[in-house]
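J.: Got a file for you: run.cif, mmCIF, C-alpha atoms.
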```cif
data_final
loop_
_atom_site.label_atom_id
_atom_site.label_comp_id
_atom_site.auth_asym_id
_atom_site.auth_seq_id
_atom_site.Cartn_x
_atom_site.Cartn_y
_atom_site.Cartn_z
CA MET W 1013 33.59 -31.19 -42.15
CA THR W 1014 32.05 -34.38 -43.49
CA SER W 1015 32.74 -36.34 -46.65
CA PRO W 1016 29.86 -36.14 -49.09
CA ASN W 1017 28.15 -39.32 -50.23
CA SER W 1018 27.69 -39.88 -53.95
CA PHE W 1019 24.33 -38.14 -54.20
CA GLU W 1020 25.58 -35.17 -52.23
CA THR W 1021 28.56 -35.01 -54.57
CA THR W 1022 26.14 -34.95 -57.51
CA LEU W 1023 24.28 -32.07 -55.92
CA MET W 1024 27.47 -30.17 -55.17
CA ASN W 1025 28.47 -30.57 -58.80
CA ILE W 1026 25.09 -29.15 -59.84
CA PHE W 1027 25.68 -26.18 -57.58
CA ALA W 1028 29.09 -25.64 -59.15
CA THR W 1029 28.12 -26.05 -62.79
CA ASP W 1030 24.53 -24.80 -62.93
CA LEU W 1031 24.40 -22.24 -60.16
CA ASN W 1032 28.06 -21.22 -60.18
CA VAL W 1033 28.14 -21.77 -56.43
CA ALA W 1034 31.05 -23.60 -54.80
CA VAL W 1035 29.68 -25.42 -51.76
CA PRO W 1036 32.53 -26.35 -49.44
CA ASP W 1037 30.71 -28.98 -47.43
CA PRO W 1038 27.39 -30.87 -47.50
CA GLU W 1039 26.52 -29.31 -44.14
CA THR W 1040 27.29 -25.73 -45.13
CA ASP W 1041 24.32 -23.48 -44.49
CA LEU W 1042 23.68 -22.14 -47.99
CA ILE W 1043 21.43 -19.33 -46.82
CA GLU W 1044 23.31 -18.20 -43.72
CA THR W 1045 26.55 -18.02 -45.68
CA GLY W 1046 24.91 -16.08 -48.49
CA LEU W 1047 25.84 -18.71 -51.07
CA ILE W 1048 22.31 -18.61 -52.44
CA ASN W 1049 19.85 -15.75 -52.68
CA SER W 1050 16.20 -15.73 -53.66
CA VAL W 1051 17.04 -15.97 -57.37
CA THR W 1052 19.41 -18.90 -57.01
CA PHE W 1053 16.95 -20.49 -54.59
CA VAL W 1054 14.21 -20.49 -57.24
CA GLU W 1055 16.77 -21.68 -59.78
CA LEU W 1056 17.75 -24.50 -57.43
CA VAL W 1057 14.14 -25.66 -57.04
CA MET W 1058 13.66 -25.65 -60.82
CA ILE W 1059 16.85 -27.62 -61.37
CA LEU W 1060 15.94 -30.22 -58.73
CA GLU W 1061 12.52 -30.68 -60.31
CA GLU W 1062 13.95 -31.02 -63.81
CA ARG W 1063 16.90 -33.29 -63.03
CA PHE W 1064 15.24 -35.60 -60.54
CA GLN W 1065 11.69 -35.50 -61.89
CA VAL W 1066 10.09 -34.43 -58.63
CA THR W 1067 7.86 -31.57 -57.55
CA VAL W 1068 9.19 -29.70 -54.56
CA PRO W 1069 6.08 -29.05 -52.43
CA LEU W 1070 7.07 -25.66 -51.04
CA ASP W 1071 3.67 -25.02 -49.47
CA GLU W 1072 3.92 -28.21 -47.42
CA MET W 1073 7.51 -28.05 -46.21
CA GLU W 1074 9.95 -25.95 -44.26
CA LEU W 1075 12.56 -24.05 -46.26
CA ASP W 1076 15.12 -25.38 -43.80
CA GLN W 1077 14.93 -28.61 -45.79
CA LEU W 1078 16.76 -26.76 -48.57
CA ARG W 1079 19.29 -25.07 -46.32
CA THR W 1080 22.17 -27.53 -46.77
CA VAL W 1081 23.23 -30.01 -49.43
CA ASP W 1082 22.77 -32.98 -47.11
CA ARG W 1083 19.20 -31.91 -46.31
CA ILE W 1084 18.49 -31.31 -50.00
CA ALA W 1085 19.77 -34.80 -50.76
CA ALA W 1086 17.47 -36.28 -48.12
CA LEU W 1087 14.52 -34.26 -49.39
CA VAL W 1088 14.99 -35.26 -53.03
CA ALA W 1089 15.42 -38.91 -52.09
CA ASP W 1090 12.24 -38.72 -50.05
CA LEU W 1091 10.29 -36.98 -52.82
CA ALA W 1092 11.46 -39.51 -55.41
CA ARG W 1093 10.00 -42.30 -53.28
CA LYS W 1094 6.59 -40.62 -53.00
CA PRO W 1095 4.39 -41.16 -56.06
CA ASP W 1096 2.45 -37.90 -55.50
CA THR W 1097 5.57 -35.73 -55.68
CA ALA W 1098 7.46 -37.68 -58.31
CA ALA W 1099 6.67 -36.04 -61.65
CA ALA W 1100 4.88 -38.21 -64.20
CA MET R 432 15.41 -31.55 -76.73
CA THR R 433 14.92 -31.82 -80.48
CA ALA R 434 15.96 -28.90 -82.64
CA PRO R 435 13.14 -26.74 -84.00
CA ALA R 436 12.39 -27.12 -87.70
CA LYS R 437 13.01 -23.43 -88.24
CA PRO R 438 15.29 -22.06 -85.54
CA LEU R 439 14.55 -18.50 -84.53
CA SER R 440 16.97 -15.73 -83.68
CA ILE R 441 15.89 -14.68 -80.22
CA LEU R 442 16.78 -11.64 -78.13
CA LEU R 443 16.15 -12.16 -74.42
CA ALA R 444 15.47 -9.43 -71.90
CA GLY R 445 15.49 -11.13 -68.54
CA GLU R 446 15.92 -10.67 -64.82
CA GLU R 447 15.33 -12.70 -61.67
CA ALA R 448 14.84 -16.43 -61.58
CA ALA R 449 12.40 -16.46 -64.50
CA GLY R 450 14.95 -14.74 -66.72
CA LEU R 451 17.67 -17.14 -65.63
CA GLN R 452 15.48 -20.18 -66.16
CA LEU R 453 14.34 -18.99 -69.57
CA LEU R 454 17.93 -18.34 -70.62
CA GLN R 455 19.01 -21.82 -69.51
CA ALA R 456 16.02 -23.42 -71.22
CA LEU R 457 16.48 -21.50 -74.49
CA ALA R 458 20.14 -22.46 -74.55
CA LYS R 459 19.07 -26.11 -74.72
CA THR R 460 16.84 -25.54 -77.75
CA GLY R 461 18.05 -25.17 -81.28
CA HIS R 462 17.09 -21.52 -81.34
CA ARG R 463 19.85 -18.95 -81.68
CA ILE R 464 20.13 -16.54 -78.78
CA VAL R 465 21.31 -13.33 -80.42
CA GLY R 466 22.00 -11.65 -77.11
CA VAL R 467 20.75 -10.94 -73.65
CA LEU R 468 19.58 -7.69 -72.08
CA ALA R 469 20.03 -7.73 -68.32
CA SER R 470 21.37 -5.78 -65.36
CA PRO R 471 25.18 -6.00 -65.27
CA ASP R 472 25.07 -5.77 -61.48
CA GLY R 473 23.30 -9.11 -61.16
CA THR R 474 20.49 -9.58 -58.70
CA PRO R 475 19.40 -6.88 -56.25
CA SER R 476 20.97 -8.90 -53.46
CA GLY R 477 24.30 -8.98 -55.28
CA GLY R 478 24.29 -12.59 -56.42
CA PRO R 479 24.93 -13.82 -59.93
CA GLY R 480 22.16 -12.94 -62.31
CA VAL R 481 21.10 -13.27 -65.92
CA TRP R 482 23.98 -11.09 -67.15
CA GLN R 483 26.60 -13.34 -65.60
CA ALA R 484 24.84 -16.51 -66.80
CA ALA R 485 24.71 -15.14 -70.35
CA GLN R 486 28.40 -14.35 -70.30
CA ARG R 487 29.19 -17.84 -69.05
CA LEU R 488 27.29 -19.12 -72.08
CA GLY R 489 29.39 -16.89 -74.32
CA LEU R 490 26.45 -14.75 -75.35
CA ALA R 491 26.44 -11.05 -76.19
CA THR R 492 25.08 -8.92 -73.38
CA TRP R 493 23.59 -5.43 -73.31
CA PRO R 494 22.41 -3.31 -70.40
CA ALA R 495 18.72 -3.88 -69.75
CA ASP R 496 17.80 -0.23 -70.24
CA PHE R 497 18.83 -0.34 -73.91
CA VAL R 498 15.20 -1.32 -74.59
CA ARG R 499 14.27 2.27 -73.79
CA ARG R 500 16.42 3.60 -76.64
CA PRO R 501 14.75 3.94 -80.06
CA GLU R 502 18.14 3.63 -81.77
CA PHE R 503 18.50 0.09 -80.36
CA ALA R 504 15.78 -0.96 -82.81
CA GLU R 505 18.23 -0.63 -85.66
CA ALA R 506 20.69 -2.98 -83.95
CA ILE R 507 17.88 -5.50 -83.50
CA ARG R 508 17.01 -5.38 -87.20
CA ALA R 509 20.66 -5.57 -88.21
CA ALA R 510 21.07 -8.71 -86.10
CA GLY R 511 18.08 -10.31 -87.78
CA VAL R 512 16.18 -10.83 -84.55
CA ASP R 513 12.97 -12.76 -85.07
CA LEU R 514 11.64 -12.61 -81.55
CA LEU R 515 12.14 -10.61 -78.37
CA LEU R 516 11.27 -12.45 -75.18
CA ASN R 517 10.92 -10.47 -71.96
CA ALA R 518 11.01 -12.31 -68.65
CA HIS R 519 10.67 -10.11 -65.58
CA SER R 520 12.73 -7.26 -66.99
CA LEU R 521 10.90 -4.19 -65.76
CA HIS R 522 12.10 -1.56 -68.19
CA ILE R 523 9.38 -0.07 -70.36
CA ILE R 524 10.33 -1.05 -73.90
CA CYS R 525 10.00 1.80 -76.38
CA PRO R 526 7.64 1.31 -79.36
CA GLU R 527 10.50 1.32 -81.87
CA VAL R 528 12.18 -1.62 -80.13
CA LEU R 529 8.87 -3.48 -79.79
CA ASP R 530 8.37 -3.18 -83.56
CA ALA R 531 11.89 -4.26 -84.51
CA PRO R 532 11.81 -8.08 -84.13
CA ARG R 533 10.32 -9.78 -87.19
CA LEU R 534 7.76 -11.79 -85.22
CA GLY R 535 7.25 -9.37 -82.37
CA ALA R 536 7.93 -9.17 -78.66
CA PHE R 537 6.37 -11.30 -75.91
CA ASN R 538 6.28 -10.85 -72.17
CA LEU R 539 6.05 -13.42 -69.39
CA HIS R 540 3.73 -11.87 -66.81
CA PRO R 541 3.43 -13.53 -63.38
CA GLY R 542 -0.29 -12.97 -63.06
CA PRO R 543 -3.65 -13.35 -64.78
CA LEU R 544 -4.61 -10.59 -67.21
CA PRO R 545 -6.28 -8.19 -67.28
CA ARG R 546 -6.97 -8.37 -63.53
CA TYR R 547 -3.38 -8.40 -62.31
CA ALA R 548 -1.38 -6.10 -64.58
CA GLY R 549 1.62 -4.19 -63.28
CA LEU R 550 4.10 -5.13 -60.60
CA ASN R 551 4.31 -7.81 -57.90
CA ALA R 552 1.19 -9.60 -59.11
CA PRO R 553 1.81 -12.75 -57.00
CA SER R 554 2.01 -10.76 -53.78
CA TRP R 555 -1.07 -8.74 -54.66
CA ALA R 556 -2.99 -11.93 -55.39
CA ILE R 557 -2.12 -13.30 -51.94
CA VAL R 558 -3.14 -10.05 -50.24
CA ASN R 559 -6.41 -10.08 -52.11
CA GLY R 560 -7.21 -13.58 -50.85
CA GLU R 561 -7.18 -15.20 -54.27
CA THR R 562 -7.29 -18.98 -54.38
CA GLU R 563 -6.07 -19.23 -57.97
CA HIS R 564 -3.30 -17.49 -59.86
CA ALA R 565 -1.88 -17.66 -63.36
CA VAL R 566 1.07 -16.88 -65.53
CA THR R 567 0.45 -15.24 -68.86
CA VAL R 568 2.46 -14.78 -72.03
CA HIS R 569 1.24 -11.89 -74.13
CA ARG R 570 2.40 -9.95 -77.14
CA MET R 571 3.92 -6.70 -75.97
CA VAL R 572 2.34 -3.41 -76.95
CA PRO R 573 3.25 0.07 -75.71
CA ARG R 574 0.55 -0.11 -72.99
CA VAL R 575 1.74 -2.16 -70.00
CA ASP R 576 0.48 -5.78 -69.88
CA ALA R 577 -2.27 -5.01 -72.38
CA GLY R 578 -1.26 -6.95 -75.50
CA PRO R 579 -3.06 -10.00 -76.90
CA VAL R 580 -2.59 -13.10 -74.75
CA ALA R 581 -0.98 -16.13 -76.36
CA TYR R 582 -1.00 -18.60 -73.46
CA THR R 583 -2.13 -18.72 -69.84
CA HIS R 584 -1.47 -21.36 -67.22
CA ARG R 585 -3.72 -21.30 -64.16
CA PHE R 586 -2.84 -22.95 -60.87
CA PRO R 587 -4.14 -22.92 -57.30
CA ILE R 588 -2.77 -20.78 -54.51
CA ALA R 589 -2.41 -23.02 -51.47
CA PRO R 590 -3.62 -21.59 -48.15
CA GLY R 591 -0.07 -21.46 -46.82
CA ASP R 592 1.61 -20.18 -49.96
CA SER R 593 4.12 -17.40 -49.37
CA ALA R 594 5.19 -14.90 -51.99
CA LEU R 595 8.37 -16.90 -52.50
CA ASN R 596 6.35 -20.06 -53.14
CA LEU R 597 4.18 -18.27 -55.65
CA TYR R 598 7.21 -16.86 -57.48
CA VAL R 599 8.57 -20.40 -57.73
CA LYS R 600 5.27 -21.59 -59.18
CA CYS R 601 5.15 -18.69 -61.65
CA THR R 602 8.63 -19.60 -62.85
CA ARG R 603 7.80 -23.31 -62.94
CA TYR R 604 4.75 -22.78 -65.13
CA GLY R 605 5.78 -19.63 -66.98
CA VAL R 606 9.04 -20.62 -68.63
CA PRO R 607 7.46 -23.51 -70.58
CA LEU R 608 4.86 -21.07 -71.93
CA MET R 609 7.60 -18.87 -73.33
CA LEU R 610 9.25 -21.87 -74.98
CA ARG R 611 5.86 -22.81 -76.39
CA VAL R 612 5.50 -19.37 -77.97
CA ALA R 613 8.90 -19.76 -79.61
CA GLU R 614 8.03 -23.21 -80.91
CA THR R 615 4.68 -22.10 -82.29
CA LEU R 616 6.20 -19.07 -83.98
CA ALA R 617 8.95 -21.24 -85.43
CA THR R 618 6.55 -23.72 -86.95
CA ASP R 619 3.23 -22.01 -87.61
CA PRO R 620 3.09 -18.34 -86.59
CA ALA R 621 -0.49 -17.96 -87.74
CA SER R 622 -1.64 -20.52 -85.17
CA LEU R 623 -0.41 -18.54 -82.17
CA PRO R 624 -3.42 -17.53 -80.08
CA ALA R 625 -3.95 -13.79 -79.68
CA VAL R 626 -6.76 -13.11 -77.23
CA PRO R 627 -7.23 -9.44 -76.37
CA PRO R 628 -7.33 -9.20 -72.58
CA GLY R 629 -9.74 -6.28 -72.75
CA ASP R 630 -10.21 -3.66 -70.09
CA ALA R 631 -13.01 -5.27 -68.07
CA GLY R 632 -11.62 -5.84 -64.60
CA ARG R 633 -8.20 -4.53 -65.55
CA ARG R 634 -6.15 -3.31 -62.64
CA VAL R 635 -2.55 -2.16 -62.76
CA TYR R 636 -0.78 -2.78 -59.47
CA GLY R 637 2.15 -0.78 -58.16
CA ARG R 638 5.49 -1.55 -56.64
CA ARG R 639 4.64 -0.99 -52.97
CA PRO R 640 2.34 -3.10 -50.77
CA PRO R 641 -1.02 -1.77 -49.57
CA ASP R 642 -0.64 0.92 -46.87
CA ASP R 643 3.11 0.55 -47.42
CA GLY R 644 3.00 -2.69 -45.45
CA TRP R 645 1.51 -1.23 -42.27
CA VAL R 646 -0.97 -3.51 -40.55
CA ASP R 647 -4.50 -2.31 -39.87
CA TRP R 648 -5.41 -4.12 -36.67
CA SER R 649 -9.07 -3.18 -37.03
CA GLY R 650 -9.24 -5.27 -40.20
CA PRO R 651 -9.88 -9.01 -40.50
CA ALA R 652 -7.18 -11.33 -39.14
CA ALA R 653 -7.15 -13.25 -42.40
CA ARG R 654 -6.29 -10.06 -44.31
CA ILE R 655 -3.35 -9.38 -42.00
CA ALA R 656 -2.16 -12.98 -42.32
CA ALA R 657 -2.39 -12.65 -46.10
CA LEU R 658 -0.31 -9.47 -46.02
CA VAL R 659 2.38 -11.25 -44.01
CA ARG R 660 2.45 -14.15 -46.48
CA ALA R 661 2.49 -11.72 -49.43
CA CYS R 662 5.67 -10.18 -48.01
CA ASP R 663 7.22 -13.54 -47.09
CA PHE R 664 10.32 -14.41 -49.10
CA GLY R 665 11.50 -16.88 -46.49
CA PRO R 666 15.03 -16.14 -45.37
CA PHE R 667 15.65 -13.81 -48.30
CA PRO R 668 15.05 -10.05 -48.54
CA SER R 669 11.53 -9.42 -49.76
CA PRO R 670 11.00 -7.01 -52.66
CA TRP R 671 7.86 -5.92 -50.83
CA GLY R 672 9.56 -5.32 -47.50
CA THR R 673 7.70 -6.72 -44.52
CA ALA R 674 4.29 -6.38 -42.95
CA ARG R 675 4.84 -3.92 -40.14
CA ALA R 676 3.30 -2.91 -36.86
CA SER R 677 4.52 -0.58 -34.16
CA LEU R 678 4.79 -0.85 -30.43
CA ALA R 679 5.57 2.40 -28.64
CA SER R 680 7.19 3.82 -31.79
CA ARG R 681 9.33 0.70 -32.33
CA VAL R 682 8.77 -1.03 -35.65
CA LEU R 683 7.96 -4.72 -35.49
CA ALA R 684 8.20 -6.68 -38.74
CA LEU R 685 5.76 -9.59 -38.74
CA ILE R 686 7.53 -12.68 -40.05
CA ARG R 687 5.15 -15.53 -39.35
CA VAL R 688 1.55 -15.38 -38.18
CA ARG R 689 -1.51 -17.59 -38.31
CA THR R 690 -5.21 -17.09 -37.84
CA THR R 691 -6.73 -18.73 -34.77
CA GLY R 692 -10.48 -18.65 -35.34
CA ARG R 693 -10.87 -17.26 -31.82
CA PRO R 694 -13.22 -14.27 -31.74
CA ALA R 695 -11.54 -11.06 -30.65
CA GLY R 696 -12.80 -9.62 -27.38
CA ALA R 697 -10.34 -6.78 -26.89
CA PRO R 698 -9.58 -3.55 -28.75
CA PRO R 699 -7.76 -4.12 -32.05
CA GLY R 700 -4.01 -4.41 -31.60
CA SER R 701 -4.23 -5.63 -28.00
CA VAL R 702 -1.89 -8.47 -27.07
CA VAL R 703 -4.23 -10.74 -25.14
CA TRP R 704 -2.13 -13.85 -24.52
CA VAL R 705 1.50 -14.90 -24.79
CA ASP R 706 2.91 -18.39 -24.48
CA GLY R 707 5.45 -20.62 -26.15
CA SER R 708 3.48 -20.72 -29.40
CA GLY R 709 3.49 -16.94 -29.79
CA ALA R 710 1.44 -13.88 -28.99
CA ARG R 711 -2.29 -13.64 -29.69
CA VAL R 712 -3.37 -10.18 -30.83
CA ALA R 713 -6.93 -8.92 -31.25
CA CYS R 714 -7.87 -7.92 -34.78
CA GLY R 715 -11.17 -6.60 -36.11
CA ASP R 716 -12.80 -10.00 -36.02
CA GLU R 717 -10.51 -12.67 -34.59
CA GLU R 718 -7.29 -13.07 -32.70
CA LEU R 719 -4.14 -13.46 -34.75
CA LEU R 720 -1.22 -15.53 -33.48
CA ILE R 721 2.15 -13.89 -34.09
CA GLU R 722 4.80 -16.60 -34.01
CA LYS R 723 7.88 -14.78 -35.27
CA LEU R 724 8.76 -11.16 -35.67
CA SER R 725 11.79 -9.04 -36.33
CA VAL R 726 13.05 -5.90 -34.60
CA ASP R 727 15.89 -3.90 -36.14
CA GLY R 728 16.67 -6.84 -38.39
CA ARG R 729 16.87 -9.40 -35.59
CA ARG R 730 14.39 -12.26 -35.87
CA MET R 731 12.91 -13.59 -32.66
CA ALA R 732 9.99 -15.50 -31.21
CA ALA R 733 7.05 -13.19 -30.60
CA ALA R 734 6.97 -14.34 -26.99
CA ASP R 735 10.41 -12.82 -26.50
CA ARG R 736 9.21 -9.34 -27.40
CA LEU R 737 5.51 -9.06 -26.64
CA ALA R 738 3.63 -9.23 -23.37
CA PRO R 739 -0.06 -9.30 -22.49
CA GLY R 740 -1.39 -5.77 -22.34
CA ASP R 741 0.88 -4.43 -25.09
CA LEU R 742 -1.02 -2.42 -27.65
CA LEU R 743 0.17 -2.72 -31.24
CA SER R 744 -0.71 -0.11 -33.81
CA GLY R 745 -0.07 0.54 -37.46
CA LYS R 746 2.14 3.37 -38.62
CA PRO R 747 2.59 5.92 -35.85
CA ALA R 748 2.20 9.51 -37.01
CA ASP R 749 5.62 10.62 -35.77
CA LEU R 750 7.62 7.60 -36.85
CA THR R 751 10.84 8.10 -38.77
CA LEU R 752 11.89 4.85 -40.34
CA PRO R 753 15.54 3.84 -40.11
CA SER R 754 14.98 0.95 -42.48
CA GLN R 755 12.27 -1.27 -43.88
CA ALA R 756 14.47 -4.31 -43.88
CA ALA R 757 13.34 -7.19 -41.74
#
```
Using the file provided, produce a representation of the structure as structure tokens.
T.:
Amino acid sequence: MTSPNSFETTLMNIFATDLNVAVPDPETDLIETGLINSVTFVELVMILEERFQVTVPLDEMELDQLRTVDRIAALVADLARKPDTAAA
Amino acid sequence: MTAPAKPLSILLAGEEAAGLQLLQALAKTGHRIVGVLASPDGTPSGGPGVWQAAQRLGLATWPADFVRRPEFAEAIRAAGVDLLLNAHSLHIICPEVLDAPRLGAFNLHPGPLPRYAGLNAPSWAIVNGETEHAVTVHRMVPRVDAGPVAYTHRFPIAPGDSALNLYVKCTRYGVPLMLRVAETLATDPASLPAVPPGDAGRRVYGRRPPDDGWVDWSGPAARIAALVRACDFGPFPSPWGTARASLASRVLALIRVRTTGRPAGAPPGSVVWVDGSGARVACGDEELLIEKLSVDGRRMAAADRLAPGDLLSGKPADLTLPSQAA
């Protein structure tokens, strides 16, 4: 188990409040453990895009990048730095 | 979000991610959500759904199939419902319920109309090789997906788009259209566009994939690759099942494939080459590379299951299916 950094904590709070999903650890496999299904997955993408003003380029990425909170944090940070995926 | 000048009383019938997103978005507007029609059991995979989200918001909930009951129309009128919004709820709403809201009922359809009416429009669009898709909001009439169109948002289908990707895009672009309908009806109902979709090119698609998901190896490789992508919900169960082939009466679910551009020189279905990248199989025109497949629910590299000389077929005549699950 690892301690979440501040951004990971923000994401875990979003999971808890918006998706009603309690994520025990930033490295927990959200799909393997069944914490998210296809509906909550789509919901997650929409929330990330709205809150962090990015566009998640699903056709250009591997879904594994959304498999854990720490990978989601890295993805969002990366997208926010790229002007073509940061929403106007 | 600023409050609408004239808040509407809205009844939401919703399922899946689009229903959830629309519920969350409506809750942030100044409109009054009178109640929510949804499946009490949540999502098909057992996770929390629209019903649970509505209850967390303290909203009244009714079973989704109430829209089939003419007597529910009276409850709608008694509650002063201005607008019924339907997002991916698949129950056929009876005419009495459609007529009950003061300003009518509107449906978010994940496809362009009239060409992609019916069910699973995103998957059908991928199978058909479309390069563009759309979400449509239309006024609901008793005939399925045939009412006047208020708004459409068109967007490209990327070459690698899976069904899951396209469902995300439909939700991304569709929910704002529903909010736009509510805003227009709240401020200037007469200005809401109402374009009859007409019947030219209309096609109503069904629940099941073409040939029930069985691959026709004599067809083009690109068509088979499109079928695999149209069934692809990533790691989640696909509502379309999987694209399937058989090898000596064993069912193989095709999980990930890609076209190679290499002309086929062997009978369709022949495995002609296997290496670390996958197994190349002859189709009607080209060889198709199978990278991942699934047998009895276990995912594996194609190279772990297929060998040169294997002959894949579609549905064998004597096959009894234990399950369609990948």
J.: What is the distance, in Å and to one decimal place, between atom CA of R:His519 and atom CA of W:Arg1079?
T.: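 Taking atom CA of R:His519 and atom CA of W:Arg1079, their separation equals 25.9 Å.
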J.: Which residues are near R:Leu742? Cut-off 8 Å, all atoms listed in the file, ignore same chain within fewer than 2 positions. Put them as a list in words.
T.: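 With the cut-off at 8 Å, the set is Leu678, Gly700, Ser701, Val702, Gly740 and Ser744 of chain R.
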J.: Find the residues of chain W in contact range of chain R, meaning any atom within 6 Å when counting only C-alpha atoms, and list them as a ChimeraX atom specification.
T.: /W:1050-1051,1054-1055,1071
J.: Please provide as a list in words all residues within 8 Å of W:Val1088, with the sequence filter that same-chain residues fewer than 4 positions apart are discarded (counting all atoms listed in the file).
T.: Leu1060, Phe1064, Val1066, Ile1084 and Ala1092 of chain W
J.: Which residues are near W:Thr1040? Cut-off 7 Å, only C-alpha atoms, ignore same chain within fewer than 3 positions. Put them as a PyMOL selection string.
T.: chain W and resi 1036-1037+1080
J.: Restricting the calculation to all atoms listed in the file: of R:Gly605, R:Gly535, R:Pro553, R:Pro739, which residue gets closest to W:Met1058?
T.: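 Nearest candidate to W:Met1058 out of R:Gly605, R:Gly535, R:Pro553, R:Pro739: R:Gly605.
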J.: Suppose you want the space between atom CA of R:Leu608 and atom CA of R:Val572; what is it in Å?
T.: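 We find that atom CA of R:Leu608 and atom CA of R:Val572 lie 18.5 Å from each other.
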J.: When you draw a straight line from atom CA of W:Pro1038 to atom CA of W:Val1081, how long is it in Å?
T.: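 Between atom CA of W:Pro1038 and atom CA of W:Val1081 the gap is 4.7 Å.
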J.: Given the file shown, enumerate the residues that the PyMOL selection byres ((chain W and resi 1017-1026) around 8) captures and present them as a list in words.
T.: Ser1015, Pro1016, Phe1027, Ala1028, Thr1029, Asp1030, Leu1031, Ala1034, Val1035, Pro1038, Val1081, Asp1082 and Ala1085 of chain W
J.: Please write as a list in words the list of polymer residues whose atoms come within 6 Å of (-9.2, -4.5, -31.6), counting only C-alpha atoms and keeping to the coordinates of the file.
T.: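 Here the neighbourhood of the point contains Ser649, Ala697, Pro698, Pro699, Gly700, Ala713, Cys714 and Gly715 of chain R.
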J.: As AutoDock Vina command-line options, please: the centre and edge lengths in Å, to one decimal, of an axis-aligned box enclosing every listed atom of stretch 700-712 of chain R with 8 Å added on each side.
T.:
```
--center_x 0.6 --center_y -12.6 --center_z -28.0 --size_x 25.7 --size_y 32.3 --size_z 23.1
```
J.: Written as a list in words, which residues does the PyMOL selection byres ((chain R and resi 489) around 12) give for the file shown?
T.: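 The output of the PyMOL selection byres ((chain R and resi 489) around 12) on this file is Ala458, Ile464, Val465, Gly466, Val467, Trp482, Gln483, Ala484, Ala485, Gln486, Arg487, Leu488, Leu490, Ala491 and Thr492 of chain R.
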J.: Okay, now the selection with C-alpha atoms, as an mmCIF file, in the frame of the given file?
T.:
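The result, stored in selection_12.cif:
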```cif
data_model
loop_
_atom_site.group_PDB
_atom_site.id
_atom_site.type_symbol
_atom_site.label_atom_id
_atom_site.label_comp_id
_atom_site.auth_asym_id
_atom_site.auth_seq_id
_atom_site.Cartn_x
_atom_site.Cartn_y
_atom_site.Cartn_z
ATOM 1 C CA ALA R 458 20.140 -22.460 -74.550
ATOM 2 C CA ILE R 464 20.130 -16.540 -78.780
ATOM 3 C CA VAL R 465 21.310 -13.330 -80.420
ATOM 4 C CA GLY R 466 22.000 -11.650 -77.110
ATOM 5 C CA VAL R 467 20.750 -10.940 -73.650
ATOM 6 C CA TRP R 482 23.980 -11.090 -67.150
ATOM 7 C CA GLN R 483 26.600 -13.340 -65.600
ATOM 8 C CA ALA R 484 24.840 -16.510 -66.800
ATOM 9 C CA ALA R 485 24.710 -15.140 -70.350
ATOM 10 C CA GLN R 486 28.400 -14.350 -70.300
ATOM 11 C CA ARG R 487 29.190 -17.840 -69.050
ATOM 12 C CA LEU R 488 27.290 -19.120 -72.080
ATOM 13 C CA LEU R 490 26.450 -14.750 -75.350
ATOM 14 C CA ALA R 491 26.440 -11.050 -76.190
ATOM 15 C CA THR R 492 25.080 -8.920 -73.380
#
```
J.: Mind listing as a VMD selection string all residues within 12 Å of (5.4, -18.3, -84.7), counting all atoms listed in the file?
T.: chain R and resid 435 to 441 513 to 514 533 to 537 570 581 609 to 625
J.: Residues within 10 Å of R:Met571, please, as a VMD selection string. Count all atoms listed in the file; anything in the same chain fewer than 5 positions from it doesn't count.
T.: chain R and resid 515 to 517 524 526 529 to 530 535 to 539 576 to 580
J.: Quick one: of R:Pro747, R:Pro607, R:Pro573, R:Pro640, who's nearest to R:Arg499, counting all atoms listed in the file?
T.: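 When distances to R:Arg499 are compared using all atoms listed in the file, the smallest one comes from R:Pro573.
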J.: Need the shell around R:Gly560: protein/DNA/RNA residues with any atom at most 10 Å away, counting all atoms listed in the file. Skip same-chain ones fewer than 6 positions apart. Format as a PyMOL selection string?
T.: chain R and resi 588+590+653-654+656-658+661
